[in-house]
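Note: the block below is entry-v8.txt and it holds compact mmCIF, C-alpha atoms.
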```txt
# COMPACT_ATOMS: atom_id res chain seq x y z
CA MET A 1 53.40 56.57 23.46
CA VAL A 2 52.96 60.34 23.19
CA THR A 3 50.26 62.93 23.71
CA GLY A 4 47.91 63.00 20.74
CA PRO A 5 47.76 65.94 18.33
CA THR A 6 44.01 66.60 18.63
CA VAL A 7 41.14 66.30 21.08
CA SER A 8 39.80 63.36 19.08
CA LEU A 9 43.09 61.53 19.73
CA PRO A 10 44.44 62.37 23.23
CA TRP A 11 47.08 59.61 23.05
CA ALA A 12 49.00 58.17 20.13
CA VAL A 13 51.40 55.25 19.65
CA VAL A 14 54.56 55.99 17.68
CA ASP A 15 57.34 53.75 16.38
CA ALA A 16 61.09 54.06 16.99
CA ALA A 17 61.36 56.78 14.34
CA GLY A 18 58.63 58.85 16.00
CA ARG A 19 56.03 58.10 13.31
CA GLU A 20 52.43 57.67 14.37
CA VAL A 21 51.09 54.11 14.07
CA GLU A 22 47.97 54.90 12.04
CA PRO A 23 46.09 51.57 12.60
CA VAL A 24 46.26 52.16 16.36
CA SER A 25 45.15 55.79 16.00
CA ALA A 26 42.16 54.74 13.91
CA TYR A 27 41.10 52.23 16.57
CA LEU A 28 41.53 54.72 19.43
CA ARG A 29 39.47 57.34 17.58
CA ASP A 30 36.72 54.75 17.17
CA ARG A 31 36.85 54.01 20.88
CA LEU A 32 36.51 57.70 21.71
CA LEU A 33 33.52 57.94 19.39
CA GLY A 34 32.10 55.07 21.44
CA ASP A 35 32.29 57.42 24.47
CA VAL A 36 35.16 55.84 26.37
CA SER A 37 37.08 58.18 28.66
CA PRO A 38 40.53 59.58 27.74
CA LEU A 39 42.02 57.49 30.56
CA THR A 40 40.56 54.33 29.01
CA CYS A 41 42.03 55.43 25.68
CA ARG A 42 45.39 55.81 27.41
CA SER A 43 45.12 52.30 28.85
CA TYR A 44 44.29 50.85 25.42
CA ALA A 45 47.24 52.71 23.88
CA PHE A 46 49.67 51.16 26.38
CA ASP A 47 48.32 47.66 25.65
CA LEU A 48 48.66 48.16 21.89
CA LEU A 49 52.14 49.60 22.34
CA ARG A 50 53.19 46.35 24.03
CA TRP A 51 51.61 44.38 21.19
CA PHE A 52 53.39 46.34 18.47
CA ARG A 53 56.70 46.04 20.30
CA VAL A 54 56.32 42.28 20.06
CA LEU A 55 55.51 42.54 16.35
CA TRP A 56 58.50 44.82 15.74
CA THR A 57 60.76 42.40 17.63
CA VAL A 58 59.72 39.36 15.57
CA ASP A 59 59.53 41.48 12.39
CA VAL A 60 55.90 40.70 11.57
CA GLY A 61 53.46 43.26 10.20
CA TRP A 62 50.28 43.83 12.20
CA GLU A 63 48.13 42.73 9.23
CA ARG A 64 49.96 39.35 9.07
CA ALA A 65 49.84 38.54 12.80
CA THR A 66 48.74 35.07 13.90
CA GLU A 67 48.10 33.27 17.16
CA ALA A 68 51.83 32.51 17.36
CA GLU A 69 52.62 36.21 17.86
CA VAL A 70 49.89 36.47 20.51
CA ALA A 71 51.44 33.50 22.32
CA ALA A 72 54.81 35.27 22.13
CA MET A 73 53.30 38.37 23.75
CA VAL A 74 51.69 36.35 26.54
CA GLY A 75 54.93 34.48 27.19
CA TRP A 76 56.86 37.74 27.31
CA LEU A 77 54.37 39.33 29.73
CA ARG A 78 54.54 36.29 31.98
CA ALA A 79 58.35 36.42 32.17
CA ALA A 80 59.16 40.14 31.86
CA ARG A 81 59.57 42.59 34.70
CA ASN A 82 57.05 45.39 34.90
CA PRO A 83 58.98 48.70 34.69
CA GLN A 84 56.39 50.32 36.95
CA ARG A 85 57.43 47.96 39.76
CA LYS A 86 61.12 48.91 39.82
CA ARG A 87 60.68 51.21 42.78
CA HIS A 88 61.62 49.28 45.91
CA ARG A 89 62.64 50.76 49.23
CA GLU A 90 65.89 49.33 50.57
CA GLY A 91 65.26 47.17 53.59
CA GLY A 92 61.60 46.68 52.69
CA HIS A 93 59.75 43.45 52.16
CA PRO A 94 60.56 41.58 48.93
CA PRO A 95 58.10 41.82 46.00
CA GLY A 96 55.40 39.17 46.04
CA SER A 97 55.58 38.65 49.82
CA VAL A 98 52.93 39.53 52.38
CA ASN A 99 53.25 42.58 54.62
CA PRO A 100 53.23 41.20 58.18
CA THR A 101 51.58 44.34 59.58
CA THR A 102 48.67 44.66 57.17
CA GLY A 103 48.44 41.09 55.83
CA LYS A 104 48.24 42.60 52.35
CA ARG A 105 50.30 41.20 49.51
CA ILE A 106 53.12 43.30 48.08
CA LEU A 107 52.97 43.57 44.30
CA PRO A 108 55.35 41.20 42.48
CA THR A 109 57.88 42.43 39.93
CA GLY A 110 56.10 41.03 36.87
CA TYR A 111 52.84 41.78 35.09
CA ALA A 112 49.67 40.79 36.90
CA PRO A 113 47.33 38.20 35.33
CA ALA A 114 44.65 40.89 35.07
CA THR A 115 47.03 43.03 32.99
CA ILE A 116 47.70 40.14 30.62
CA ALA A 117 43.99 39.41 30.28
CA HIS A 118 43.27 43.08 29.61
CA SER A 119 45.98 43.20 26.94
CA LEU A 120 44.44 40.19 25.18
CA SER A 121 41.00 41.82 25.24
CA VAL A 122 42.34 45.08 23.79
CA VAL A 123 44.28 43.34 21.01
CA HIS A 124 41.21 41.25 20.19
CA GLY A 125 39.10 44.41 19.96
CA PHE A 126 41.74 46.09 17.79
CA TYR A 127 41.61 43.30 15.21
CA ALA A 128 37.81 42.99 15.42
CA PHE A 129 37.57 46.70 14.54
CA HIS A 130 39.83 46.41 11.50
CA LEU A 131 38.23 43.13 10.41
CA HIS A 132 34.90 44.96 10.27
CA PHE A 133 36.37 47.21 7.57
CA GLY A 134 38.11 44.38 5.74
CA ARG A 135 41.59 45.19 7.00
CA GLY A 136 44.13 42.98 8.70
CA PRO A 137 44.24 39.17 8.89
CA VAL A 138 41.24 37.06 7.96
CA LEU A 139 41.10 35.52 11.44
CA ASN A 140 41.49 37.38 14.71
CA PRO A 141 44.88 36.32 16.10
CA VAL A 142 43.54 36.37 19.67
CA PRO A 143 41.63 33.12 20.36
CA GLU A 144 37.97 33.62 21.15
CA ASN A 145 36.29 31.96 24.11
CA ARG A 146 32.92 30.86 22.80
CA ALA A 147 32.14 28.98 26.02
CA ARG A 148 32.40 32.23 27.99
CA ARG A 149 30.18 34.10 25.55
CA SER A 150 27.58 31.34 25.79
CA ALA A 151 27.73 31.25 29.60
CA LEU A 152 27.27 35.02 29.99
CA ALA A 153 24.65 35.49 27.29
CA HIS A 154 21.16 36.38 28.53
CA ARG A 155 22.10 35.79 32.15
CA SER A 156 20.05 37.22 35.00
CA PRO A 157 22.19 39.39 37.31
CA ILE A 158 20.75 37.65 40.38
CA GLU A 159 21.85 34.22 39.17
CA ALA A 160 25.29 32.79 39.71
CA PRO A 161 27.30 32.77 36.46
CA ALA A 162 27.68 29.38 34.81
CA ARG A 163 31.11 27.79 34.95
CA HIS A 164 33.13 27.82 31.76
CA ARG A 165 36.65 27.05 30.64
CA ARG A 166 39.19 29.78 30.13
CA GLY A 167 40.07 30.61 26.57
CA ARG A 168 43.44 29.62 25.14
CA LEU A 169 46.33 31.80 26.35
CA ARG A 170 44.07 33.40 28.96
CA PRO A 171 45.66 33.56 32.44
CA LYS A 172 43.84 32.53 35.59
CA VAL A 173 42.74 35.83 37.14
CA PRO A 174 42.05 35.50 40.89
CA VAL A 175 39.05 37.28 42.37
CA ARG A 176 40.35 40.26 44.32
CA GLN A 177 38.77 40.50 47.74
CA PRO A 178 38.44 44.03 49.17
CA ARG A 179 40.69 44.76 52.14
CA ALA A 180 39.58 47.27 54.76
CA ILE A 181 42.05 49.03 57.05
CA PRO A 182 41.55 47.79 60.65
CA ASP A 183 40.37 50.45 63.08
CA ALA A 184 43.56 50.38 65.14
CA GLN A 185 45.76 50.81 62.07
CA TRP A 186 43.45 53.49 60.73
CA ASP A 187 43.81 55.51 63.95
CA GLU A 188 47.57 55.10 63.79
CA LEU A 189 47.65 56.12 60.14
CA PHE A 190 45.43 59.16 60.68
CA ALA A 191 47.54 60.32 63.64
CA GLN A 192 50.64 60.33 61.43
CA MET A 193 49.17 62.80 58.91
CA ARG A 194 51.47 65.83 58.89
CA CYS A 195 49.08 68.70 58.20
CA THR A 196 45.45 69.78 58.28
CA ARG A 197 45.07 69.20 54.53
CA ASP A 198 46.20 65.58 54.73
CA ARG A 199 43.91 64.84 57.67
CA ALA A 200 40.95 66.44 55.89
CA LEU A 201 41.70 64.54 52.68
CA LEU A 202 41.94 61.18 54.42
CA ALA A 203 38.81 61.82 56.50
CA CYS A 204 36.83 62.68 53.37
CA TYR A 205 38.07 59.55 51.61
CA VAL A 206 37.07 57.14 54.36
CA SER A 207 33.69 58.72 55.08
CA SER A 208 32.53 59.29 51.50
CA GLY A 209 33.83 56.14 49.84
CA ALA A 210 34.69 58.24 46.78
CA ARG A 211 37.40 57.12 44.39
CA ALA A 212 40.75 58.87 44.56
CA SER A 213 40.43 60.81 41.30
CA GLU A 214 36.81 61.79 42.02
CA LEU A 215 37.52 63.46 45.34
CA LEU A 216 40.53 65.41 44.03
CA GLY A 217 38.29 67.24 41.54
CA VAL A 218 35.96 68.69 44.18
CA GLN A 219 35.55 72.49 43.99
CA LEU A 220 34.23 74.91 46.61
CA SER A 221 30.81 74.96 44.91
CA ASP A 222 30.67 71.16 45.21
CA ILE A 223 30.56 71.22 49.02
CA ASP A 224 27.08 71.11 50.56
CA TRP A 225 27.73 71.98 54.19
CA HIS A 226 24.07 71.74 55.23
CA LYS A 227 23.32 68.30 53.78
CA GLY A 228 26.78 66.93 54.56
CA GLN A 229 27.69 65.83 51.06
CA LEU A 230 30.14 66.48 48.25
CA TRP A 231 29.43 66.54 44.53
CA VAL A 232 31.92 64.56 42.43
CA ILE A 233 32.29 63.61 38.78
CA SER A 234 31.72 59.85 38.80
CA LYS A 235 34.49 57.83 37.19
CA GLY A 236 32.12 55.39 35.52
CA THR A 237 29.25 57.56 34.26
CA ARG A 238 31.18 60.90 34.23
CA GLU A 239 28.07 62.49 35.73
CA ARG A 240 27.98 64.90 38.67
CA GLN A 241 26.74 62.88 41.64
CA PRO A 242 26.54 63.47 45.41
CA VAL A 243 28.49 61.43 47.96
CA PRO A 244 28.00 61.63 51.74
CA VAL A 245 30.66 62.90 54.09
CA SER A 246 30.80 62.70 57.88
CA PRO A 247 30.53 65.78 60.15
CA GLU A 248 34.04 65.03 61.42
CA ALA A 249 35.41 65.12 57.86
CA LEU A 250 33.59 68.41 57.20
CA ALA A 251 35.17 69.86 60.34
CA HIS A 252 38.63 68.87 59.10
CA LEU A 253 37.79 70.28 55.67
CA ALA A 254 36.65 73.59 57.17
CA ALA A 255 39.86 73.81 59.21
CA TYR A 256 41.92 73.17 56.07
CA LEU A 257 40.10 75.88 54.08
CA ASP A 258 40.47 78.32 56.97
CA GLU A 259 44.21 77.62 57.05
CA ALA A 260 44.95 77.50 53.30
CA GLY A 261 42.37 80.02 52.12
CA LEU A 262 39.45 79.57 49.75
CA PRO A 263 40.19 78.48 46.17
CA GLY A 264 39.19 80.64 43.24
CA PRO A 265 36.17 79.95 41.02
CA GLY A 266 36.65 76.75 39.04
CA GLU A 267 39.70 75.72 41.07
CA PRO A 268 39.80 72.47 43.07
CA VAL A 269 39.75 72.51 46.86
CA TRP A 270 42.81 70.29 47.25
CA ARG A 271 46.01 72.15 46.42
CA THR A 272 49.76 71.82 46.94
CA ARG A 273 51.37 73.41 49.99
CA ARG A 274 54.89 74.16 48.75
CA GLY A 275 56.07 76.40 45.94
CA GLU A 276 53.57 77.59 43.37
CA VAL A 277 50.03 76.68 44.37
CA LYS A 278 48.75 73.98 42.00
CA PRO A 279 45.90 71.44 42.06
CA LEU A 280 46.79 68.30 44.00
CA THR A 281 47.27 65.48 41.50
CA TYR A 282 46.52 61.82 42.05
CA TRP A 283 50.22 60.97 42.18
CA ALA A 284 50.86 63.65 44.81
CA ALA A 285 47.96 62.41 46.97
CA ARG A 286 49.20 58.85 46.50
CA ARG A 287 52.65 59.87 47.69
CA ILE A 288 51.20 61.53 50.81
CA LEU A 289 49.75 58.23 51.97
CA GLN A 290 52.69 56.20 50.70
CA ARG A 291 55.18 58.24 52.71
CA THR A 292 53.22 57.68 55.91
CA THR A 293 52.60 53.97 55.36
CA GLU A 294 56.28 53.36 54.65
CA HIS A 295 57.13 55.01 57.94
CA LEU A 296 54.67 52.73 59.75
CA GLY A 297 55.70 49.59 57.85
CA MET A 298 52.33 49.31 56.08
CA ASN A 299 51.32 49.12 52.42
CA TRP A 300 47.82 50.61 52.34
CA THR A 301 46.75 52.63 49.29
CA LEU A 302 44.25 55.37 48.54
CA HIS A 303 41.80 52.85 47.10
CA ASP A 304 41.93 50.92 50.37
CA ALA A 305 40.23 53.94 51.97
CA ARG A 306 37.25 53.30 49.66
CA HIS A 307 37.31 49.62 50.63
CA THR A 308 37.35 50.67 54.29
CA ALA A 309 34.36 52.97 53.87
CA ALA A 310 32.45 50.28 51.95
CA THR A 311 33.20 47.59 54.55
CA ARG A 312 32.10 49.80 57.43
CA LEU A 313 28.85 50.64 55.65
CA ALA A 314 28.13 47.05 54.59
CA ARG A 315 28.65 45.70 58.12
CA ASP A 316 26.42 48.31 59.75
CA PRO A 317 23.21 46.45 60.72
CA ALA A 318 21.22 49.66 60.25
CA MET A 319 22.21 49.89 56.55
CA THR A 320 20.73 47.71 53.84
CA LEU A 321 22.85 46.39 50.99
CA ALA A 322 20.82 48.43 48.48
CA GLU A 323 21.54 51.60 50.45
CA VAL A 324 25.26 50.85 50.48
CA GLN A 325 25.12 50.24 46.73
CA THR A 326 23.60 53.71 46.27
CA ILE A 327 26.32 55.35 48.33
CA LEU A 328 29.15 53.56 46.55
CA ARG A 329 27.47 54.00 43.12
CA HIS A 330 28.02 50.39 42.12
CA ALA A 331 26.34 49.30 38.89
CA HIS A 332 25.58 45.82 40.27
CA ILE A 333 24.67 44.83 43.81
CA THR A 334 26.87 41.75 43.49
CA THR A 335 29.87 44.10 43.63
CA THR A 336 28.58 45.63 46.87
CA ALA A 337 28.02 42.15 48.32
CA LEU A 338 31.79 41.52 48.20
CA TYR A 339 32.17 43.83 51.20
CA THR A 340 29.99 41.60 53.38
CA VAL A 341 32.51 38.75 53.26
CA VAL A 342 34.17 38.22 56.64
CA GLY A 343 37.92 37.76 56.47
CA LEU A 344 40.00 35.59 58.75
CA GLU A 345 41.60 38.69 60.30
CA ASP A 346 38.12 39.71 61.52
CA LEU A 347 37.74 36.44 63.45
CA VAL A 348 40.88 36.67 65.60
CA ASP A 349 39.00 37.34 68.85
CA LYS A 350 36.32 34.71 68.18
CA LEU A 351 38.94 32.11 67.28
CA ALA A 352 40.86 32.86 70.47
CA GLU A 353 37.69 32.25 72.49
CA HIS A 354 37.01 29.05 70.54
CA TYR A 355 40.48 27.64 71.18
CA SER A 356 40.34 28.55 74.87
CA ARG A 357 37.08 26.71 75.49
CA PRO A 358 37.44 23.04 76.53
CA GLN A 359 36.26 20.49 74.02
CA GLN A 360 32.68 19.46 74.72
CA PRO A 361 31.89 15.72 74.58
CA ALA A 362 29.24 14.66 72.13
CA ALA A 363 25.79 14.36 73.74
CA TRP A 364 23.00 12.38 72.15
CA SER A 365 19.30 12.96 72.57
CA GLN A 366 17.55 10.74 75.09
CA GLN A 367 15.18 9.64 72.31
CA TYR A 368 17.94 7.47 70.80
CA ASP A 369 18.65 4.04 72.13
CA PRO A 370 22.24 3.96 73.48
CA GLU A 371 22.81 0.58 71.81
CA ASP A 372 21.82 2.04 68.41
CA VAL A 373 24.18 5.00 68.92
CA ALA A 374 27.04 2.62 69.78
CA VAL A 375 26.40 0.54 66.65
CA VAL A 376 26.38 3.58 64.35
CA PHE A 377 29.13 5.71 65.93
CA GLY A 378 31.04 3.14 67.92
CA ALA A 379 31.35 2.70 71.64
CA ARG A 380 33.08 5.47 73.60
```

Once you've parsed the file, please lay out its structure as structure tokens.
Amino acid sequence: MVTGPTVSLPWAVVDAAGREVEPVSAYLRDRLLGDVSPLTCRSYAFDLLRWFRVLWTVDVGWERATEAEVAAMVGWLRAARNPQRKRHREGGHPPGSVNPTTGKRILPTGYAPATIAHSLSVVHGFYAFHLHFGRGPVLNPVPENRARRSALAHRSPIEAPARHRRGRLRPKVPVRQPRAIPDAQWDELFAQMRCTRDRALLACYVSSGARASELLGVQLSDIDWHKGQLWVISKGTRERQPVPVSPEALAHLAAYLDEAGLPGPGEPVWRTRRGEVKPLTYWAARRILQRTTEHLGMNWTLHDARHTAATRLARDPAMTLAEVQTILRHAHITTTALYTVVGLEDLVDKLAEHYSRPQQPAAWSQQYDPEDVAVVFGAR
């Protein structure tokens, strides 16, 4: 995959000879006309690159693909190693295990079920697009799940979704529960930040609940010091929206700007500290936290800071769920409700008290005849 030649095609898939795969480019252009973001286009291009690699391996043209080739792709994704997971620190915990400090699972070496499911959806959309114009195979090679379509059709958002079978070749995708950083680990993590910029960045993340890429685009004109809020470009709607930020985070941010100097017009607030001054990228911010968590034996990520902010807001008795939804900018309140679920790690103290209390004997109301109780439950 390479950078596209025009604005209408930011990413392009090429073959081994460097030639652009025109059917993929046509589909990606259509997606951009449908107002998807360039990052979504990039994600689709990677999925289609995997699909065409399978077709090139089995020597089958894309217009002659069948369900057999789709099954080959799914089988390959289930068995192959994800090249993005090759990085592994020597002496660290093995892939797929659970970090004993955080209780959070370490990513395995293969492709996640959600990645496989996403690839199937993209390939299905690719063939549905070309079938609309009379190109490609007569039948979509990706099996359709009519039961799922029927279950989700005309459903009220306040009703629980009806149960349905998974479509053929579809993996079982587990529901990911949000994981908040415990307060003690958060204090330890924050204390290990090396500079004023890193402390300000982390404080803004955990108090605003903004996504990683959203916060990194904040400019000086986006800071409202009086109202205590930042203006960010929302990832979902791509609209400029306000997010709250705590007075403590603003104090750290002011200290950082006083130390590093004010950015120029149109330049982001978060910048590099070494060498030529450049905007802080997502991967650089990710590495800041990664370096600290590795030192502490943890595996928290930038997105976990958003989970932490959401969990703290959702468990505040003074905040309603609708108010938390507004702050987090969730499209559906059912997504916000996930942060109200109490995990087992939150019940450690209560469980310790429960186990320390002596077992109480069963006591029956005086209204019951003791002989009737003995007949039903047995004599004690």

Checklist entry - Using all atoms listed in the file, which residue out of A:His132, A:Arg238, A:Arg42, A:His124 lies closest to Glu67 in chain A? => result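 Using all atoms listed in the file, Glu67 in chain A sits closest to A:His124.
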
Item to check | Contacts of Met73 in chain A within 12 Å, all atoms listed in the file, excl. fewer than 2 positions in-chain, as a PyMOL selection string | outcome: chain A and resi 47-58+65-71+75-80+111+116-117+119-120+123+141-142+169-170

Requested write-out: C-alpha atoms of the selected residues, as a short mmCIF file (atom, residue, chain, number, x, y, z; two decimals), in the coordinates of the input:
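Contents of the output file part.cif:
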```
data_model
loop_
_atom_site.label_atom_id
_atom_site.label_comp_id
_atom_site.auth_asym_id
_atom_site.auth_seq_id
_atom_site.Cartn_x
_atom_site.Cartn_y
_atom_site.Cartn_z
CA ASP A 47 48.32 47.66 25.65
CA LEU A 48 48.66 48.16 21.89
CA LEU A 49 52.14 49.60 22.34
CA ARG A 50 53.19 46.35 24.03
CA TRP A 51 51.61 44.38 21.19
CA PHE A 52 53.39 46.34 18.47
CA ARG A 53 56.70 46.04 20.30
CA VAL A 54 56.32 42.28 20.06
CA LEU A 55 55.51 42.54 16.35
CA TRP A 56 58.50 44.82 15.74
CA THR A 57 60.76 42.40 17.63
CA VAL A 58 59.72 39.36 15.57
CA ALA A 65 49.84 38.54 12.80
CA THR A 66 48.74 35.07 13.90
CA GLU A 67 48.10 33.27 17.16
CA ALA A 68 51.83 32.51 17.36
CA GLU A 69 52.62 36.21 17.86
CA VAL A 70 49.89 36.47 20.51
CA ALA A 71 51.44 33.50 22.32
CA GLY A 75 54.93 34.48 27.19
CA TRP A 76 56.86 37.74 27.31
CA LEU A 77 54.37 39.33 29.73
CA ARG A 78 54.54 36.29 31.98
CA ALA A 79 58.35 36.42 32.17
CA ALA A 80 59.16 40.14 31.86
CA TYR A 111 52.84 41.78 35.09
CA ILE A 116 47.70 40.14 30.62
CA ALA A 117 43.99 39.41 30.28
CA SER A 119 45.98 43.20 26.94
CA LEU A 120 44.44 40.19 25.18
CA VAL A 123 44.28 43.34 21.01
CA PRO A 141 44.88 36.32 16.10
CA VAL A 142 43.54 36.37 19.67
CA LEU A 169 46.33 31.80 26.35
CA ARG A 170 44.07 33.40 28.96
#
```

Checklist entry - Between CA of Leu280 in chain A and CA of Leu216 in chain A, what is the spacing in Å? => result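 Computing it gives 6.9 Å between the two atoms.
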
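Here CA of Tyr355 in chain A stands at a distance of 22.5 Å from CA of Val341 in chain A.
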
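The two atoms in question, CA of Ser208 in chain A and CA of Thr272 in chain A, are spaced 21.8 Å apart.
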
Item to check | Answer as a list in words, residues within 7 Å of (39.8, 65.4, 56.2) using only C-alpha atoms | outcome: Arg197, Asp198, Arg199, Ala200, Leu201, Leu202, Ala203, Cys204, Ala249, Leu250, His252 and Leu253 of chain A

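Distances to Ile106 in chain A were evaluated for A:Val243, A:Met298, A:Ala254, A:Leu220 using all atoms listed in the file, and the minimum falls at A:Met298.
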
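Using all atoms listed in the file, the nearest neighbour of Arg31 in chain A within the list A:Val348, A:Val13, A:Val277, A:Val122 is A:Val122.
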
Tell me which protein, DNA and RNA residues are within 12 Å of Pro279 in chain A, counting only C-alpha atoms, leaving out same-chain ones fewer than 6 positions away, and put them as a CSV table (one decimal) with C-alpha atoms, in the frame of the given file.
```csv
chain,number,residue,atom,x,y,z
A,213,SER,CA,40.4,60.8,41.3
A,216,LEU,CA,40.5,65.4,44.0
A,217,GLY,CA,38.3,67.2,41.5
A,218,VAL,CA,36.0,68.7,44.2
A,219,GLN,CA,35.6,72.5,44.0
A,263,PRO,CA,40.2,78.5,46.2
A,264,GLY,CA,39.2,80.6,43.2
A,266,GLY,CA,36.6,76.8,39.0
A,267,GLU,CA,39.7,75.7,41.1
A,268,PRO,CA,39.8,72.5,43.1
A,269,VAL,CA,39.8,72.5,46.9
A,270,TRP,CA,42.8,70.3,47.2
A,271,ARG,CA,46.0,72.2,46.4
A,272,THR,CA,49.8,71.8,46.9
A,273,ARG,CA,51.4,73.4,50.0
A,285,ALA,CA,48.0,62.4,47.0
```

Item to check | Residue neighbourhood Arg29 in chain A, 9 Å, only C-alpha atoms, exclusion window fewer than 4 positions, as a ChimeraX atom specification | outcome: /A:8-9,24-25,33-34,41

Checklist entry - From the list A:Leu131, A:Ala251, A:Ala310, A:Ala284, which residue is nearest Arg329 in chain A when using all atoms listed in the file? => result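 Using all atoms listed in the file, the shortest distance to Arg329 in chain A belongs to A:Ala310.
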
Checklist entry - Which residue gives the smallest distance to Ile288 in chain A among A:Ala17, A:Leu189, A:Ala114, A:Glu259, with all atoms listed in the file counted? => result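 Of A:Ala17, A:Leu189, A:Ala114, A:Glu259, the one nearest Ile288 in chain A, counting all atoms listed in the file, is A:Leu189.
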
Checklist entry - Taking all atoms listed in the file into account, which of A:Pro38, A:Pro113, A:Pro317, A:Pro83 comes nearest Lys172 in chain A? => result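 Smallest separation from Lys172 in chain A among the options: A:Pro113.
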
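Residues lying within 10 Å of (33.1, 44.1, 58.5). Counted over all atoms listed in the file, they are Arg179, Ala180, Pro182, Thr308, Ala310, Thr311, Arg312, Leu313, Ala314, Arg315, Asp316, Tyr339, Thr340, Val341, Val342, Gly343 and Asp346 of chain A.
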
Can you give me all heavy atoms for range 76-81 of chain A, written as a short mmCIF file (atom, residue, chain, number, x, y, z; two decimals), in the coordinates of the input?
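Once written, result.cif looks like this:
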```
data_model
loop_
_atom_site.label_atom_id
_atom_site.label_comp_id
_atom_site.auth_asym_id
_atom_site.auth_seq_id
_atom_site.Cartn_x
_atom_site.Cartn_y
_atom_site.Cartn_z
N TRP A 76 56.00 36.63 26.89
CA TRP A 76 56.86 37.74 27.31
C TRP A 76 56.30 38.42 28.54
O TRP A 76 57.03 38.73 29.49
CB TRP A 76 57.00 38.73 26.16
CG TRP A 76 57.68 40.01 26.57
CD1 TRP A 76 58.94 40.15 27.07
CD2 TRP A 76 57.11 41.33 26.53
NE1 TRP A 76 59.20 41.47 27.33
CE2 TRP A 76 58.10 42.21 27.01
CE3 TRP A 76 55.89 41.84 26.11
CZ2 TRP A 76 57.89 43.59 27.09
CZ3 TRP A 76 55.68 43.20 26.19
CH2 TRP A 76 56.66 44.06 26.68
N LEU A 77 54.98 38.67 28.57
CA LEU A 77 54.37 39.33 29.73
C LEU A 77 54.47 38.47 30.98
O LEU A 77 54.57 39.00 32.09
CB LEU A 77 52.91 39.67 29.42
CG LEU A 77 52.67 40.78 28.40
CD1 LEU A 77 51.18 40.92 28.11
CD2 LEU A 77 53.23 42.10 28.89
N ARG A 78 54.42 37.17 30.81
CA ARG A 78 54.54 36.29 31.98
C ARG A 78 55.95 36.29 32.57
O ARG A 78 56.12 36.08 33.77
CB ARG A 78 54.15 34.86 31.61
CG ARG A 78 52.66 34.64 31.44
CD ARG A 78 52.38 33.19 31.08
NE ARG A 78 50.97 32.90 31.02
CZ ARG A 78 50.21 32.57 32.07
NH1 ARG A 78 50.76 32.49 33.28
NH2 ARG A 78 48.93 32.31 31.92
N ALA A 79 56.96 36.52 31.71
CA ALA A 79 58.35 36.42 32.17
C ALA A 79 59.00 37.77 32.42
O ALA A 79 59.97 37.85 33.17
CB ALA A 79 59.17 35.65 31.14
N ALA A 80 58.49 38.84 31.79
CA ALA A 80 59.16 40.14 31.86
C ALA A 80 58.90 40.82 33.20
O ALA A 80 57.93 40.51 33.90
CB ALA A 80 58.68 41.03 30.71
N ARG A 81 59.74 41.76 33.52
CA ARG A 81 59.57 42.59 34.70
C ARG A 81 58.79 43.84 34.32
O ARG A 81 59.07 44.46 33.30
CB ARG A 81 60.93 42.97 35.29
CG ARG A 81 61.74 41.79 35.80
CD ARG A 81 63.13 42.24 36.23
NE ARG A 81 63.08 43.12 37.38
CZ ARG A 81 63.11 42.72 38.65
NH1 ARG A 81 63.18 41.42 38.93
NH2 ARG A 81 63.06 43.58 39.64
#
```
